[in-house]
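Colleague: If it helps, the file is called start-v9.cif and holds mmCIF, C-alpha atoms:
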data_data
#
loop_
_atom_site.label_atom_id
_atom_site.label_comp_id
_atom_site.auth_asym_id
_atom_site.auth_seq_id
_atom_site.Cartn_x
_atom_site.Cartn_y
_atom_site.Cartn_z
CA MET A 10 0.00 0.00 0.00
CA PRO A 11 1.46 3.44 -0.90
CA ASN A 12 1.99 5.88 1.94
CA LYS A 13 0.00 9.09 2.08
CA GLU A 14 2.61 11.24 0.33
CA THR A 15 3.14 8.75 -2.48
CA PHE A 16 -0.59 8.32 -2.94
CA ALA A 17 -1.18 12.09 -3.02
CA LYS A 18 1.41 12.37 -5.80
CA MET A 19 -0.68 9.99 -7.90
CA ILE A 20 -3.88 12.02 -7.62
CA GLU A 21 -5.07 14.28 -10.44
CA HIS A 22 -7.79 16.14 -8.55
CA THR A 23 -10.53 16.66 -11.11
CA GLN A 24 -13.42 19.03 -11.74
CA LEU A 25 -14.94 18.52 -15.19
CA LYS A 26 -18.64 19.07 -14.59
CA PRO A 27 -20.05 21.21 -17.42
CA TYR A 28 -21.60 23.55 -14.83
CA THR A 29 -18.42 24.17 -12.86
CA THR A 30 -17.98 27.69 -11.45
CA SER A 31 -14.90 29.52 -10.21
CA LYS A 32 -15.87 28.76 -6.61
CA GLU A 33 -15.49 25.04 -7.29
CA ILE A 34 -12.19 25.57 -9.10
CA GLU A 35 -10.90 27.55 -6.12
CA LYS A 36 -11.91 24.71 -3.79
CA LEU A 37 -10.24 22.18 -6.10
CA CYS A 38 -6.96 24.11 -6.17
CA LEU A 39 -6.92 24.80 -2.44
CA GLU A 40 -7.49 21.11 -1.73
CA ALA A 41 -4.68 20.21 -4.15
CA LEU A 42 -2.37 22.58 -2.25
CA GLN A 43 -3.47 21.29 1.14
CA TRP A 44 -2.94 17.62 0.27
CA ASN A 45 -0.07 18.13 -2.16
CA PHE A 46 -1.75 16.29 -4.99
CA TYR A 47 0.06 15.69 -8.28
CA GLY A 48 -2.20 18.07 -10.16
CA VAL A 49 -5.62 19.50 -10.89
CA CYS A 50 -7.60 18.52 -13.99
CA LEU A 51 -10.02 21.11 -15.35
CA TYR A 52 -11.43 22.68 -18.54
CA PRO A 53 -9.06 25.02 -20.46
CA THR A 54 -11.15 28.03 -19.57
CA TRP A 55 -10.09 27.61 -15.91
CA ILE A 56 -6.32 27.48 -16.54
CA PRO A 57 -5.67 31.17 -15.72
CA LEU A 58 -7.60 30.95 -12.44
CA ALA A 59 -5.79 27.73 -11.48
CA GLN A 60 -2.44 29.33 -12.32
CA SER A 61 -3.15 32.30 -10.08
CA LEU A 62 -4.03 29.97 -7.21
CA LEU A 63 -1.18 27.49 -7.68
CA THR A 64 1.64 29.98 -8.28
CA SER A 65 5.01 28.74 -7.09
CA SER A 66 3.58 25.35 -6.12
CA PRO A 67 4.70 22.15 -7.88
CA ILE A 68 1.07 21.21 -8.61
CA LYS A 69 0.49 20.55 -12.29
CA ILE A 70 -2.36 22.00 -14.32
CA ILE A 71 -3.90 19.31 -16.48
CA THR A 72 -6.61 20.03 -19.04
CA VAL A 73 -8.64 18.21 -21.67
CA ALA A 74 -9.16 18.34 -25.44
CA GLY A 75 -11.71 16.66 -27.68
CA PHE A 76 -13.56 16.01 -24.50
CA PRO A 77 -15.56 13.90 -23.71
CA THR A 78 -16.55 12.42 -27.09
CA GLY A 79 -13.32 12.53 -29.11
CA ALA A 80 -15.50 13.01 -32.19
CA GLU A 81 -14.02 16.37 -33.16
CA SER A 82 -11.77 16.63 -36.21
CA THR A 83 -8.01 16.31 -35.75
CA GLN A 84 -7.75 19.98 -36.70
CA ILE A 85 -10.04 21.06 -33.87
CA LYS A 86 -8.21 18.85 -31.36
CA CYS A 87 -4.91 20.42 -32.48
CA LEU A 88 -6.33 23.92 -32.06
CA GLU A 89 -7.61 23.03 -28.59
CA VAL A 90 -4.22 21.64 -27.58
CA ALA A 91 -2.41 24.69 -28.99
CA GLU A 92 -4.72 27.02 -27.09
CA SER A 93 -4.24 25.15 -23.83
CA ILE A 94 -0.45 25.13 -24.19
CA GLU A 95 -0.51 28.86 -24.82
CA LYS A 96 -2.58 29.29 -21.67
CA GLY A 97 0.00 27.32 -19.71
CA ALA A 98 -1.33 23.77 -19.34
CA ASN A 99 1.28 21.31 -18.03
CA GLU A 100 -0.40 18.15 -19.36
CA ILE A 101 -3.28 17.51 -21.75
CA ASP A 102 -5.73 14.59 -21.79
CA PHE A 103 -7.47 14.11 -25.14
CA VAL A 104 -10.10 11.59 -26.20
CA ILE A 105 -9.26 9.37 -29.17
CA ASN A 106 -11.68 9.08 -32.09
CA ILE A 107 -13.57 6.00 -30.98
CA GLY A 108 -15.50 5.61 -34.25
CA TRP A 109 -12.25 5.50 -36.24
CA LEU A 110 -10.91 2.80 -33.92
CA LYS A 111 -14.08 0.72 -34.32
CA GLU A 112 -13.80 1.03 -38.10
CA LYS A 113 -10.06 0.26 -38.04
CA ARG A 114 -9.20 3.58 -39.67
CA LEU A 115 -5.86 3.26 -37.97
CA LYS A 116 -3.91 5.58 -40.28
CA MET A 117 -6.23 8.39 -39.26
CA ILE A 118 -5.77 7.65 -35.56
CA GLU A 119 -2.02 7.41 -36.02
CA ALA A 120 -1.91 10.71 -37.89
CA GLU A 121 -3.99 12.39 -35.17
CA PHE A 122 -1.67 11.08 -32.45
CA LYS A 123 1.41 12.25 -34.40
CA TYR A 124 0.06 15.75 -35.00
CA LEU A 125 -0.90 16.14 -31.37
CA VAL A 126 2.43 14.85 -30.05
CA GLU A 127 4.41 17.04 -32.44
CA LEU A 128 2.39 20.07 -31.44
CA SER A 129 2.59 19.55 -27.71
CA PHE A 130 6.07 18.11 -27.17
CA PRO A 131 7.55 18.20 -24.50
CA ILE A 132 4.19 18.62 -22.73
CA PRO A 133 2.86 15.15 -21.85
CA LEU A 134 -0.25 13.99 -23.68
CA LYS A 135 -2.66 11.37 -22.37
CA ALA A 136 -4.83 9.47 -24.83
CA ILE A 137 -8.22 8.72 -23.27
CA LEU A 138 -9.53 5.44 -24.65
CA GLU A 139 -13.02 5.45 -23.05
CA THR A 140 -12.55 1.76 -22.34
CA CYS A 141 -16.23 1.11 -21.58
CA TYR A 142 -16.97 1.32 -25.32
CA LEU A 143 -14.02 -0.81 -26.54
CA ASN A 144 -13.31 -4.50 -26.78
CA ASP A 145 -9.91 -5.89 -25.73
CA GLU A 146 -8.56 -5.96 -29.30
CA GLU A 147 -9.46 -2.28 -29.75
CA LYS A 148 -7.79 -1.37 -26.45
CA LYS A 149 -4.62 -3.18 -27.53
CA ILE A 150 -4.51 -1.48 -30.94
CA ALA A 151 -5.01 1.97 -29.39
CA CYS A 152 -2.20 1.33 -26.88
CA GLU A 153 0.18 0.19 -29.60
CA LEU A 154 -0.52 3.24 -31.76
CA ALA A 155 -0.07 5.50 -28.73
CA LEU A 156 3.26 3.89 -27.88
CA GLU A 157 4.55 4.17 -31.44
CA THR A 158 3.64 7.84 -31.72
CA GLY A 159 5.02 9.11 -28.43
CA ILE A 160 1.87 9.53 -26.34
CA SER A 161 2.93 9.72 -22.66
CA PHE A 162 -0.03 8.08 -20.89
CA ILE A 163 -3.07 5.98 -21.55
CA LYS A 164 -6.08 7.22 -19.59
CA THR A 165 -9.03 4.89 -19.28
CA SER A 166 -12.17 7.01 -19.07
CA THR A 167 -13.80 10.42 -19.31
CA GLY A 168 -16.37 10.03 -16.55
CA PHE A 169 -19.10 10.66 -19.18
CA GLY A 170 -19.18 7.08 -20.48
CA SER A 171 -21.22 4.16 -19.22
CA SER A 172 -18.50 3.12 -16.74
CA GLY A 173 -14.99 3.95 -15.54
CA ALA A 174 -11.66 2.21 -14.92
CA THR A 175 -11.62 -1.46 -13.97
CA VAL A 176 -8.80 -3.57 -12.57
CA GLU A 177 -9.11 -5.91 -15.59
CA ASP A 178 -8.60 -3.00 -17.98
CA ILE A 179 -5.54 -1.71 -16.16
CA LYS A 180 -3.98 -5.20 -16.25
CA LEU A 181 -4.71 -5.48 -19.96
CA ILE A 182 -3.42 -2.00 -20.85
CA LYS A 183 -0.29 -2.57 -18.76
CA LYS A 184 0.73 -5.35 -21.14
CA PHE A 185 0.97 -2.82 -23.97
CA PHE A 186 1.67 0.54 -22.37
CA PRO A 187 3.83 1.55 -19.39
CA HIS A 188 2.04 4.62 -17.99
CA ILE A 189 -1.63 4.53 -17.08
CA LYS A 190 -4.03 7.04 -15.59
CA ALA A 191 -7.09 5.29 -14.18
CA SER A 192 -10.20 7.48 -14.14
CA GLY A 193 -13.97 7.62 -14.30
CA GLY A 194 -15.92 7.67 -11.06
CA ILE A 195 -13.16 6.42 -8.72
CA GLN A 196 -14.71 7.20 -5.35
CA ASP A 197 -13.61 4.23 -3.29
CA ILE A 198 -10.14 3.81 -1.75
CA ARG A 199 -10.17 0.02 -2.18
CA LEU A 200 -10.78 0.42 -5.91
CA ALA A 201 -8.09 3.12 -6.16
CA LEU A 202 -5.54 0.87 -4.43
CA ASP A 203 -6.51 -2.10 -6.61
CA LEU A 204 -6.05 0.03 -9.74
CA ILE A 205 -2.59 1.10 -8.55
CA GLN A 206 -1.74 -2.48 -7.67
CA ALA A 207 -2.79 -3.50 -11.20
CA GLY A 208 -0.44 -0.95 -12.75
CA ALA A 209 -1.97 2.53 -12.73
CA SER A 210 0.43 5.30 -11.70
CA ARG A 211 -2.12 8.12 -11.74
CA ILE A 212 -5.65 8.32 -10.42
CA GLY A 213 -7.99 10.88 -11.96
CA THR A 214 -10.82 11.54 -9.53
CA SER A 215 -13.12 14.23 -8.26
CA ALA A 216 -12.90 12.55 -4.85
CA GLY A 217 -9.19 13.09 -4.11
CA VAL A 218 -9.80 14.35 -0.60
CA LYS A 219 -12.22 11.55 0.26
CA LEU A 220 -9.74 8.96 -1.05
CA ILE A 221 -6.74 10.27 0.87
CA GLU A 222 -8.73 10.58 4.08
CA ALA A 223 -9.87 6.99 3.60
CA LEU A 224 -6.26 5.92 3.06
CA GLU A 225 -5.28 7.62 6.31
CA SER A 226 -8.01 5.82 8.21
CA ILE A 227 -7.16 2.35 6.85
CA SER A 228 -3.41 2.93 7.39
CA GLN A 229 -3.86 3.55 11.10
CA MET B 24 -52.18 15.98 -32.93
CA PRO B 25 -49.90 16.62 -35.94
CA ASN B 26 -50.33 14.30 -38.92
CA LYS B 27 -47.51 11.98 -39.93
CA GLU B 28 -46.01 14.32 -42.52
CA THR B 29 -46.06 17.34 -40.21
CA PHE B 30 -44.57 15.32 -37.37
CA ALA B 31 -41.80 13.91 -39.59
CA LYS B 32 -40.86 17.47 -40.56
CA MET B 33 -40.26 18.24 -36.87
CA ILE B 34 -37.83 15.36 -36.33
CA GLU B 35 -34.08 15.89 -36.23
CA HIS B 36 -32.98 12.27 -36.40
CA THR B 37 -29.92 12.09 -34.17
CA GLN B 38 -26.81 9.95 -33.78
CA LEU B 39 -24.35 11.49 -31.33
CA LYS B 40 -22.91 8.48 -29.53
CA PRO B 41 -19.13 8.91 -29.21
CA TYR B 42 -18.63 5.44 -30.68
CA THR B 43 -20.73 5.99 -33.80
CA THR B 44 -19.49 4.30 -36.97
CA SER B 45 -20.29 4.97 -40.63
CA LYS B 46 -22.71 2.04 -40.64
CA GLU B 47 -24.88 3.80 -38.08
CA ILE B 48 -24.67 7.09 -39.97
CA GLU B 49 -25.78 5.30 -43.14
CA LYS B 50 -28.75 3.82 -41.27
CA LEU B 51 -29.60 7.24 -39.84
CA CYS B 52 -29.57 8.90 -43.26
CA LEU B 53 -31.53 6.13 -44.98
CA GLU B 54 -34.19 6.31 -42.26
CA ALA B 55 -34.33 10.09 -42.66
CA LEU B 56 -34.91 9.63 -46.40
CA GLN B 57 -37.49 6.91 -45.88
CA TRP B 58 -39.57 8.91 -43.40
CA ASN B 59 -38.81 12.34 -44.81
CA PHE B 60 -37.54 13.73 -41.53
CA TYR B 61 -36.55 17.38 -41.20
CA GLY B 62 -32.89 16.52 -40.80
CA VAL B 63 -30.12 14.37 -39.37
CA CYS B 64 -28.01 15.51 -36.42
CA LEU B 65 -24.47 14.13 -36.22
CA TYR B 66 -20.85 14.98 -35.40
CA PRO B 67 -19.01 17.22 -37.92
CA THR B 68 -16.76 14.36 -38.96
CA TRP B 69 -19.80 12.65 -40.54
CA ILE B 70 -20.97 15.60 -42.65
CA PRO B 71 -19.30 14.41 -45.90
CA LEU B 72 -20.81 10.92 -45.57
CA ALA B 73 -24.25 12.36 -44.81
CA GLN B 74 -23.98 14.70 -47.80
CA SER B 75 -23.16 11.84 -50.13
CA LEU B 76 -26.20 9.91 -48.87
CA LEU B 77 -28.65 12.82 -48.82
CA THR B 78 -27.73 14.40 -52.17
CA SER B 79 -30.65 16.14 -53.84
CA SER B 80 -32.94 15.47 -50.88
CA PRO B 81 -34.38 18.34 -48.81
CA ILE B 82 -33.10 16.72 -45.58
CA LYS B 83 -30.95 19.08 -43.56
CA ILE B 84 -27.56 18.21 -42.09
CA ILE B 85 -27.34 19.46 -38.52
CA THR B 86 -24.16 19.25 -36.47
CA VAL B 87 -22.89 20.25 -33.04
CA ALA B 88 -20.18 22.50 -31.58
CA GLY B 89 -18.85 22.85 -28.05
CA PHE B 90 -20.59 19.58 -27.45
CA PRO B 91 -21.69 18.32 -24.96
CA THR B 92 -20.12 20.43 -22.19
CA GLY B 93 -20.03 23.96 -23.67
CA ALA B 94 -16.89 24.51 -21.62
CA GLU B 95 -14.63 25.22 -24.61
CA SER B 96 -13.39 28.76 -25.23
CA THR B 97 -15.38 31.01 -27.56
CA GLN B 98 -12.46 30.81 -29.97
CA ILE B 99 -12.65 27.03 -30.19
CA LYS B 100 -16.43 27.10 -30.62
CA CYS B 101 -15.98 29.61 -33.47
CA LEU B 102 -13.38 27.40 -35.13
CA GLU B 103 -15.68 24.40 -34.83
CA VAL B 104 -18.58 26.32 -36.35
CA ALA B 105 -16.39 27.64 -39.17
CA GLU B 106 -15.15 24.13 -39.94
CA SER B 107 -18.66 22.71 -40.01
CA ILE B 108 -19.94 25.47 -42.29
CA GLU B 109 -17.06 24.82 -44.64
CA LYS B 110 -17.97 21.13 -44.64
CA GLY B 111 -21.53 22.01 -45.55
CA ALA B 112 -23.59 21.89 -42.35
CA ASN B 113 -27.08 23.39 -42.73
CA GLU B 114 -27.65 24.10 -39.03
CA ILE B 115 -25.41 24.04 -35.96
CA ASP B 116 -26.35 23.28 -32.35
CA PHE B 117 -23.82 24.60 -29.82
CA VAL B 118 -23.77 24.31 -26.04
CA ILE B 119 -23.67 27.55 -24.06
CA ASN B 120 -21.04 28.08 -21.36
CA ILE B 121 -23.03 26.92 -18.37
CA GLY B 122 -20.44 28.03 -15.81
CA TRP B 123 -20.52 31.59 -17.15
CA LEU B 124 -24.31 31.62 -16.88
CA LYS B 125 -24.17 30.39 -13.28
CA GLU B 126 -21.66 33.13 -12.44
CA LYS B 127 -23.68 35.77 -14.31
CA ARG B 128 -20.78 36.53 -16.66
CA LEU B 129 -23.40 37.65 -19.13
CA LYS B 130 -21.16 39.88 -21.24
CA MET B 131 -19.05 36.84 -22.05
CA ILE B 132 -22.08 34.79 -23.02
CA GLU B 133 -23.44 37.65 -25.10
CA ALA B 134 -20.10 38.09 -26.87
CA GLU B 135 -19.92 34.36 -27.60
CA PHE B 136 -23.44 34.36 -29.05
CA LYS B 137 -22.63 37.42 -31.19
CA TYR B 138 -19.40 35.97 -32.57
CA LEU B 139 -21.09 32.69 -33.41
CA VAL B 140 -24.10 34.35 -35.07
CA GLU B 141 -21.91 36.70 -37.10
CA LEU B 142 -19.74 33.82 -38.23
CA SER B 143 -22.56 31.49 -39.20
CA PHE B 144 -25.23 33.83 -40.61
CA PRO B 145 -27.45 32.90 -42.48
CA ILE B 146 -26.99 29.34 -41.20
CA PRO B 147 -29.32 28.83 -38.22
CA LEU B 148 -27.69 28.38 -34.82
CA LYS B 149 -29.31 26.62 -31.89
CA ALA B 150 -28.14 27.43 -28.38
CA ILE B 151 -28.28 24.31 -26.19
CA LEU B 152 -29.05 25.34 -22.61
CA GLU B 153 -28.68 21.91 -20.91
CA THR B 154 -31.77 22.77 -18.86
CA CYS B 155 -31.23 20.00 -16.30
CA TYR B 156 -28.41 22.05 -14.78
CA LEU B 157 -30.19 25.44 -14.79
CA ASN B 158 -32.75 27.13 -12.58
CA ASP B 159 -35.67 29.03 -14.14
CA GLU B 160 -33.99 32.43 -13.79
CA GLU B 161 -30.90 31.12 -15.63
CA LYS B 162 -33.07 29.65 -18.41
CA LYS B 163 -34.82 33.02 -18.81
CA ILE B 164 -31.55 34.98 -18.97
CA ALA B 165 -30.09 32.62 -21.57
CA CYS B 166 -33.22 32.89 -23.73
CA GLU B 167 -33.16 36.68 -23.56
CA LEU B 168 -29.49 36.85 -24.54
CA ALA B 169 -30.13 34.41 -27.39
CA LEU B 170 -33.05 36.47 -28.67
CA GLU B 171 -31.08 39.72 -28.54
CA THR B 172 -28.12 38.29 -30.42
CA GLY B 173 -29.95 36.54 -33.25
CA ILE B 174 -29.77 32.90 -32.22
CA SER B 175 -32.41 30.96 -34.21
CA PHE B 176 -33.46 28.24 -31.76
CA ILE B 177 -33.23 27.29 -28.13
CA LYS B 178 -32.47 23.58 -27.70
CA THR B 179 -33.05 22.09 -24.29
CA SER B 180 -30.54 19.27 -23.84
CA THR B 181 -27.50 17.39 -25.08
CA GLY B 182 -28.51 13.89 -24.05
CA PHE B 183 -25.33 13.75 -21.91
CA GLY B 184 -26.84 15.60 -18.93
CA SER B 185 -28.76 14.20 -16.00
CA SER B 186 -32.11 14.56 -17.82
CA GLY B 187 -33.71 15.80 -21.04
CA ALA B 188 -36.56 18.06 -22.16
CA THR B 189 -39.61 18.46 -19.93
CA VAL B 190 -43.01 19.95 -20.72
CA GLU B 191 -42.50 22.51 -17.92
CA ASP B 192 -39.24 23.69 -19.49
CA ILE B 193 -40.79 24.06 -22.94
CA LYS B 194 -43.63 26.15 -21.47
CA LEU B 195 -41.15 28.33 -19.61
CA ILE B 196 -38.79 28.82 -22.57
CA LYS B 197 -41.75 29.58 -24.86
CA LYS B 198 -42.44 32.72 -22.79
CA PHE B 199 -39.06 34.13 -23.79
CA PHE B 200 -38.15 32.54 -27.10
CA PRO B 201 -40.24 31.58 -30.15
CA HIS B 202 -38.43 28.57 -31.61
CA ILE B 203 -37.61 25.54 -29.50
CA LYS B 204 -35.96 22.20 -30.19
CA ALA B 205 -36.82 19.70 -27.47
CA SER B 206 -34.18 17.01 -27.02
CA GLY B 207 -32.49 14.58 -24.64
CA GLY B 208 -33.77 11.03 -24.48
CA ILE B 209 -37.17 11.58 -26.13
CA GLN B 210 -38.20 7.99 -26.79
CA ASP B 211 -41.92 8.13 -26.07
CA ILE B 212 -44.55 9.45 -28.52
CA ARG B 213 -46.76 10.81 -25.71
CA LEU B 214 -43.86 12.88 -24.39
CA ALA B 215 -42.99 14.07 -27.92
CA LEU B 216 -46.58 15.18 -28.54
CA ASP B 217 -46.77 16.89 -25.14
CA LEU B 218 -43.54 18.78 -25.89
CA ILE B 219 -44.97 19.92 -29.25
CA GLN B 220 -48.23 20.89 -27.58
CA ALA B 221 -46.21 22.93 -25.06
CA GLY B 222 -44.46 24.85 -27.83
CA ALA B 223 -41.57 22.85 -29.29
CA SER B 224 -41.36 22.93 -33.08
CA ARG B 225 -38.47 20.48 -33.42
CA ILE B 226 -37.80 17.17 -31.71
CA GLY B 227 -34.19 15.99 -31.51
CA THR B 228 -34.20 12.25 -30.95
CA SER B 229 -32.32 9.08 -31.76
CA ALA B 230 -35.71 7.33 -31.83
CA GLY B 231 -37.29 9.10 -34.81
CA VAL B 232 -38.47 5.90 -36.44
CA LYS B 233 -39.91 4.51 -33.23
CA LEU B 234 -41.76 7.77 -32.59
CA ILE B 235 -43.31 8.06 -36.03
CA GLU B 236 -44.37 4.41 -36.02
CA ALA B 237 -45.99 5.00 -32.63
CA LEU B 238 -47.76 8.07 -34.03
CA GLU B 239 -49.11 5.98 -36.90
CA SER B 240 -50.44 3.37 -34.52
CA ILE B 241 -52.21 5.83 -32.19
CA SER B 242 -53.63 7.79 -35.17
CA GLN B 243 -55.41 4.74 -36.54
#
Have the structure of the file written as structure tokens, please.

Modeller:
Amino acid sequence: MPNKETFAKMIEHTQLKPYTTSKEIEKLCLEALQWNFYGVCLYPTWIPLAQSLLTSSPIKIITVAGFPTGAESTQIKCLEVAESIEKGANEIDFVINIGWLKEKRLKMIEAEFKYLVELSFPIPLKAILETCYLNDEEKKIACELALETGISFIKTSTGFGSSGATVEDIKLIKKFFPHIKASGGIQDIRLALDLIQAGASRIGTSAGVKLIEALESISQ
Amino acid sequence: MPNKETFAKMIEHTQLKPYTTSKEIEKLCLEALQWNFYGVCLYPTWIPLAQSLLTSSPIKIITVAGFPTGAESTQIKCLEVAESIEKGANEIDFVINIGWLKEKRLKMIEAEFKYLVELSFPIPLKAILETCYLNDEEKKIACELALETGISFIKTSTGFGSSGATVEDIKLIKKFFPHIKASGGIQDIRLALDLIQAGASRIGTSAGVKLIEALESISQ
């Protein structure tokens, strides 16, 4: 079991509700500071506010692109990524084009990955698979394309799909990709620890505080 | 009760699942042709395929922008709208920035509406409120801003929120805005007819065929 400090450094404290207000972003950032989380994950529009609150802290600002459907054109995803980099994002989580994957239009996925990596390097990119809609073969193919093209992380879920990260998925993805962010409704410390045990090195969750408090209580 | 032809001309037959493939878009377009629906609503990436299938038919191609969270910057929404117009979209449904509305940053909402209208005119724009997350005062304000800035339609819901169109919402919106597209999980003909009765002139639904078959059976 990771200790509290190690666990906190795996948490991407997340606020991606469409009706988020600045009050909630302030709370998110203050909690990230208090618990020394790895980062905060929020919509691009909140980057300036997060920057002002996290100044001179090591906490990363993570944002999203092509979110949560991944159905935007590659051009739009590139423009979103460029805008977020300009605003000062430290990492960007984008959703892959799920329809292309299902239709095996792999050249198009590969080209999208390459454009995004080229544009954002050295800023780490996470490819969100939305695993709940994929079969194992599709997950494998997406991981392989991500590895070949220089994507930094595989992220399992958006939180808008029919379900989030599972231990089985982390084990499967780990066979093909080294760095995994588990995400999508992770509210329970036992699940979070199982996902880490299975190979996840980041946990994306809106319940970072609840999780770390639960870790404290079971560690005692 | 509208007759079958009138009802069909209110239906925007919709396929916005993130994992949509071309097979499903083909089915959507063929059904729209068969039943003579008003239009098809799909992600921008599918516009060329829809065009090839709907050539020389009066069926409109409707797409989305800032979908389904509305949390993108105004710049990104403008780029999405511009791209979809270039591809040949006939109407565009965009999600408003819900956080700005909650914080009463009305100048920013107004500016976004103005930019989008200016860019897309004369192509009709629908502002999606995502009513499930708004109180009545917020719905009223959004309708008033939309009316002032030349938005063509208010659309209630994305289908990704916690609930879809209600009769109460249509009645409320109708006080402030003339043209309404009811949407979000409309699968039942009684609900569809009640929404029309309350003031909706378009129904966005993935169940267009089911609805019109149900209308036929209750009309007999």

Colleague: Which residues, written as number ranges by chain, have at least one atom at most 10 Å from Gly193 in chain A, with only C-alpha atoms counted and residues fewer than 3 positions away on the same chain left out?

Modeller: A: 139, 164-175, 196, 212-215

Colleague: For this structure, which residues satisfy the selection - the PyMOL selection byres ((chain B) within 9 of (chain A)) - when it is evaluated on the file as given? I want them as a ChimeraX atom specification.

Modeller: /B:39-45,66-68,88,90-96,99,102-103,106,120-126,156-157,183-184

Colleague: Please write the residues picked by the PyMOL selection byres ((chain B and resi 47-57) around 8) on this file as an NGL selection string.

Modeller: :B and (36-38 or 43-46 or 58-63 or 65 or 69 or 72-73 or 76-77 or 80 or 82 or 232)

Colleague: Kindly export the residues of the current selection with C-alpha atoms, as an mmCIF file, in the frame of the given file.

Modeller:
data_model
loop_
_atom_site.group_PDB
_atom_site.id
_atom_site.type_symbol
_atom_site.label_atom_id
_atom_site.label_comp_id
_atom_site.auth_asym_id
_atom_site.auth_seq_id
_atom_site.Cartn_x
_atom_site.Cartn_y
_atom_site.Cartn_z
ATOM 1 C CA HIS B 36 -32.980 12.270 -36.400
ATOM 2 C CA THR B 37 -29.920 12.090 -34.170
ATOM 3 C CA GLN B 38 -26.810 9.950 -33.780
ATOM 4 C CA THR B 43 -20.730 5.990 -33.800
ATOM 5 C CA THR B 44 -19.490 4.300 -36.970
ATOM 6 C CA SER B 45 -20.290 4.970 -40.630
ATOM 7 C CA LYS B 46 -22.710 2.040 -40.640
ATOM 8 C CA TRP B 58 -39.570 8.910 -43.400
ATOM 9 C CA ASN B 59 -38.810 12.340 -44.810
ATOM 10 C CA PHE B 60 -37.540 13.730 -41.530
ATOM 11 C CA TYR B 61 -36.550 17.380 -41.200
ATOM 12 C CA GLY B 62 -32.890 16.520 -40.800
ATOM 13 C CA VAL B 63 -30.120 14.370 -39.370
ATOM 14 C CA LEU B 65 -24.470 14.130 -36.220
ATOM 15 C CA TRP B 69 -19.800 12.650 -40.540
ATOM 16 C CA LEU B 72 -20.810 10.920 -45.570
ATOM 17 C CA ALA B 73 -24.250 12.360 -44.810
ATOM 18 C CA LEU B 76 -26.200 9.910 -48.870
ATOM 19 C CA LEU B 77 -28.650 12.820 -48.820
ATOM 20 C CA SER B 80 -32.940 15.470 -50.880
ATOM 21 C CA ILE B 82 -33.100 16.720 -45.580
ATOM 22 C CA VAL B 232 -38.470 5.900 -36.440
#

Colleague: Within 10 Å of Leu129 in chain B, counting all atoms listed in the file, which residues qualify if same-chain residues fewer than 5 places away don't, as a PDB file with C-alpha atoms, keeping the file's coordinate frame?

Modeller:
ATOM      1  CA  TRP B 123     -20.520  31.590 -17.150  1.00  0.00           C
ATOM      2  CA  LEU B 124     -24.310  31.620 -16.880  1.00  0.00           C
ATOM      3  CA  ALA B 134     -20.100  38.090 -26.870  1.00  0.00           C
ATOM      4  CA  GLU B 135     -19.920  34.360 -27.600  1.00  0.00           C
ATOM      5  CA  ILE B 164     -31.550  34.980 -18.970  1.00  0.00           C
ATOM      6  CA  ALA B 165     -30.090  32.620 -21.570  1.00  0.00           C
ATOM      7  CA  LEU B 168     -29.490  36.850 -24.540  1.00  0.00           C
TER       8      LEU B 168
END

Colleague: Residues near Lys197 in chain B, anyone? I mean within 12 Å using only C-alpha atoms, not counting same-chain ones fewer than 6 positions away, as a count of residues only.

Modeller: 21
